[in-house]
Amino acid sequence: MSYVDEVIAQVVEKNPVQPEFHQAVKEVLESLRVVVEANEEEFRKNALLERLTNPERQIMFRVPWVDDKGQVQVNTGFRVQFNSAIGPYKGGLRFHPSVNLGIIKFLGFEQVFKNSLTGLPIGGGKGGSDFDPKGKSDREIMAFCQSFMTELYRHIGADTDVPAGDIGVGAREIGYLFGQYKRIRNEFVGVLTGKPREFGGSRVRPEATGYGTVYFAQHMLKEKGQDIKGKTVAISGFGNVAWGAAQKLVQLGAKLVTISGPDGYIYDPDGIKLDIVKDIKLGHRGRIKEYAERVPGAEYHEGCKGVWTVPCDIALPCATQNEIDEESAKALVANGCKVVCEGANMPSTPEAIAVYQDNGLLYGPAKAANAGGVAVSGLEMSQNSYRLSWTFEEVDNKLKSIMENIVANSLAAAKEYGHEGDLMLGANAAGFVKVANAMVAQGVL
């Protein structure tokens, strides 16, 4: 049995009932076979893959809080500090009922390589809770966040672990979490990113993941002598990632025809009107279905899977993991899609990825294509350290440069290992080699 197969088998055996984590490890290690085989003796001697797939630290804790009726509620909190070889742990907090240890480990594992690809000195981690902010009052959310941070504070720090937001954790939640950290520690430091600008947040951060995904797609096309301008694009999602991507696509002259919410999707063959989406999303936090009621010719369809049956040149999955399966991938190909660039974390199943590759689609994998969010989080850390605040244009230009470098470095790594043009292998290889070299240099830790 090969070293890669041995480690995959160990991960599955030692981490039962964690399918998302198994999937992430298999996807990365399978694509790295050529890299591992070129260095197998050294990697085996140092148990590099075993160490890489085992988090440095896994923290679980209870989170008791009191709801508006005076009833005590209890949730579970998680923080998985996966790898600190190239810098302090960095990765978001996710508040959603689906959160469990396996999902946090999958996200943390992916984060290690994503953060490495940015070129910034940040390691990988992830955290969250099975708490659901939907339907909760501001007071209830504050109560939960304060209780959550009352335990988490002892495990994080500006030079140790710097969490950010993720699904269910926006500026409101980050504000409550930061306030409680400051209260307990009596210090004002950049321990969380995604903060409101009034107390250390960075410009572009809410839009960063979406902007970065579009910059990645733009540069992929540029490498092929094409332009994103005039391309028809389908997007899934209705959160910050989808909203940022939608804005940047329209700015660059692309035609956005879909956007989706939790219950269904909108198809507007004339192009999505962002002013109406903005009013629904930010003006009164309405449902995406409202768009079709306000725009003649637009269609609302129940269910989210159908968004991938719409004819398009480019697909940007920006909702959640495994949202594109084999059937959806085949539908994209049949309807003329030539590019898939992932804004969400692991939104394509392995079977879907095989369809992309078998049909010659340009494929931007999540750990590379959606690195814009953590890249700007890293830039926020720098601004906090310097006590500076950069302009929107300064941050946006730095983000664009980082995404272009990720494409270039991924393509270079793919070529070095004999798989020219394979951005999935290239991204995994480029991110992995940097972390692996740092781990070997620092000894057995």
# chains A, B, ... in the order shown; residues from 1 in each chain; ligands from 1
>>> residues_around(residues="stretch 239-253 of chain A", least_positions_apart="6", cutoff="10 Å", atoms="only C-alpha atoms", output="compact mmCIF listing (two decimals) with C-alpha atoms, in the first residue's frame")
# COMPACT_ATOMS: atom_id res chain seq x y z
CA ASP A 166 -18.06 32.42 8.57
CA ILE A 167 -21.64 31.22 8.03
CA GLY A 168 -23.84 32.74 10.74
CA GLY A 170 -21.10 38.50 10.62
CA VAL A 204 -13.29 45.21 1.59
CA ARG A 205 -13.55 42.45 4.23
CA PRO A 206 -17.30 41.77 3.77
CA GLU A 207 -16.86 41.51 0.00
CA ALA A 208 -13.40 39.92 0.03
CA THR A 209 -14.20 36.24 -0.56
CA GLY A 210 -16.57 37.06 -3.44
CA TYR A 211 -14.22 39.65 -4.94
CA GLY A 212 -11.32 37.21 -4.70
CA THR A 213 -13.26 34.41 -6.38
CA VAL A 214 -14.04 36.68 -9.32
CA TYR A 215 -10.43 37.89 -9.53
CA GLN A 218 -10.68 36.56 -14.29
CA ASP A 227 -11.83 38.12 -20.76
CA ILE A 228 -14.56 37.83 -18.14
CA LYS A 229 -16.34 40.80 -19.70
CA GLY A 230 -19.46 39.70 -21.56
CA LYS A 231 -19.54 36.23 -19.99
CA THR A 232 -22.83 34.87 -18.61
CA VAL A 233 -22.47 33.80 -14.96
CA ILE A 259 -28.66 34.13 -7.40
CA SER A 260 -30.10 31.75 -4.82
CA GLY A 261 -31.42 31.73 -1.27
CA GLY A 271 -29.15 40.18 -15.90
CA ILE A 272 -29.64 40.44 -12.14
CA LYS A 273 -30.34 44.02 -10.95
CA LEU A 274 -28.01 44.56 -8.01
CA VAL A 277 -30.86 42.56 -4.57
CA LYS A 278 -29.15 45.08 -2.26
CA LYS A 281 -30.56 41.68 1.31
CA LEU A 316 -19.62 30.31 -9.14
CA PRO A 317 -20.92 28.06 -6.32
CA CYS A 318 -20.98 30.38 -3.30
CA ALA A 319 -23.39 28.65 -0.90
CA GLY A 343 -16.53 30.65 -3.72
CA ALA A 344 -17.84 28.28 -1.02
CA ASN A 370 -12.01 31.53 -2.18
CA GLY A 372 -9.73 36.21 -0.74
CA GLY A 373 -11.58 36.28 2.56
>>> select_by_dssp(residues="stretch 162-324 of chain A", states="helix (DSSP H, G or I)", output="NGL selection string")
:A and (171-185 or 197-199 or 208-223 or 240-251 or 274-283 or 290-294 or 305-309)
>>> closest_residue(among="A:Phe21, A:Tyr176, A:Phe43, A:Phe61", to="A:Gly194", atoms="only C-alpha atoms")
A:Tyr176
>>> atom_distance(atom1="atom CA of A:Thr53", atom2="atom CA of A:Lys114")
14.9 Å
>>> closest_atom_pairs(of="stretch 59-113 of chain A", to="stretch 133-151 of chain A", cutoff="12 Å", atoms="only C-alpha atoms", output="CSV")
residue,atom,partner,partner_atom,distance
A:Ile59,CA,A:Glu151,CA,10.1
A:Met60,CA,A:Glu151,CA,9.7
A:Phe61,CA,A:Glu151,CA,7.4
A:Arg62,CA,A:Phe148,CA,8.2
A:Val63,CA,A:Phe148,CA,5.6
A:Pro64,CA,A:Ser147,CA,6.6
A:Trp65,CA,A:Phe144,CA,5.5
A:Val66,CA,A:Ala143,CA,6.8
A:Asp67,CA,A:Glu140,CA,5.6
A:Asp68,CA,A:Glu140,CA,6.6
A:Lys69,CA,A:Glu140,CA,10.0
A:Gly70,CA,A:Glu140,CA,10.4
A:Gln71,CA,A:Glu140,CA,11.0
A:Val72,CA,A:Phe144,CA,10.6
A:Gln73,CA,A:Phe144,CA,9.1
A:Val74,CA,A:Phe144,CA,9.2
A:Asn75,CA,A:Phe144,CA,8.9
A:Thr76,CA,A:Phe148,CA,8.9
A:Gly77,CA,A:Phe148,CA,6.9
A:Phe78,CA,A:Phe148,CA,9.5
A:Arg79,CA,A:Glu151,CA,10.6
A:Leu93,CA,A:Phe148,CA,10.9
A:Arg94,CA,A:Pro133,CA,10.4
A:Phe95,CA,A:Pro133,CA,7.0
A:His96,CA,A:Pro133,CA,7.4
A:Pro97,CA,A:Pro133,CA,9.3
>>> write_last_selection(atoms="C-alpha atoms", output="CSV table (one decimal), in the first residue's frame")
chain,number,residue,atom,x,y,z
A,59,ILE,CA,-11.1,22.1,21.7
A,60,MET,CA,-14.7,21.4,22.6
A,61,PHE,CA,-16.7,23.1,25.3
A,62,ARG,CA,-20.3,23.7,26.4
A,63,VAL,CA,-21.9,27.1,25.8
A,64,PRO,CA,-24.8,27.9,28.2
A,65,TRP,CA,-26.9,31.0,27.7
A,66,VAL,CA,-30.3,32.4,28.6
A,67,ASP,CA,-33.0,33.1,26.0
A,68,ASP,CA,-35.5,35.9,26.1
A,69,LYS,CA,-38.0,33.7,28.0
A,70,GLY,CA,-35.5,33.1,30.8
A,71,GLN,CA,-34.8,29.5,29.7
A,72,VAL,CA,-31.2,28.3,29.9
A,73,GLN,CA,-30.1,26.9,26.5
A,74,VAL,CA,-26.9,24.8,26.0
A,75,ASN,CA,-24.9,24.6,22.7
A,76,THR,CA,-21.5,23.1,21.9
A,77,GLY,CA,-18.5,25.2,20.9
A,78,PHE,CA,-15.5,24.0,18.9
A,79,ARG,CA,-12.1,25.3,17.9
A,93,LEU,CA,-16.1,30.7,13.3
A,94,ARG,CA,-19.3,29.1,11.9
A,95,PHE,CA,-22.6,29.3,13.8
A,96,HIS,CA,-25.1,26.8,12.2
A,97,PRO,CA,-27.1,23.8,13.4
>>> select_by_dssp(residues="stretch 120-251 of chain A", states="strand (DSSP E or B)", output="list of chain:residue names")
A:Gly124, A:Gly125, A:Lys126, A:Gly127, A:Gly128, A:Ser129, A:Gly157, A:Asp161, A:Val162, A:Pro163, A:Ala164, A:Thr232, A:Val233, A:Ala234, A:Ile235, A:Ser236
>>> residues_around(residues="stretch 303-305 of chain A", least_positions_apart="3", cutoff="10 Å", atoms="only C-alpha atoms", output="list in words")
Ser236, Gly237, Ile259, Ser260, Gly261, Pro262, Asp263, Gly264, Tyr265, Ile266, Tyr300, Trp308, Thr309, Ala319, Glu323, Ile324, Asp325, Glu327 and Ser328 of chain A
>>> closest_residue(among="A:Tyr267, A:Gln18, A:Gly283, A:Cys312", to="A:Ala298", atoms="only C-alpha atoms")
A:Tyr267
>>> atom_distance(atom1="atom CA of A:Glu37", atom2="atom CA of A:Met1")
12.5 Å
>>> atom_distance(atom1="atom CA of A:Ala352", atom2="atom CA of A:Lys222")
24.3 Å
>>> closest_residue(among="A:Ser401, A:Ser202, A:Ser2, A:Thr258", to="A:Arg44", atoms="only C-alpha atoms")
A:Ser2
>>> closest_residue(among="A:Ala436, A:Leu423, A:Ile406, A:Ala24", to="A:Thr349", atoms="only C-alpha atoms")
A:Ala24
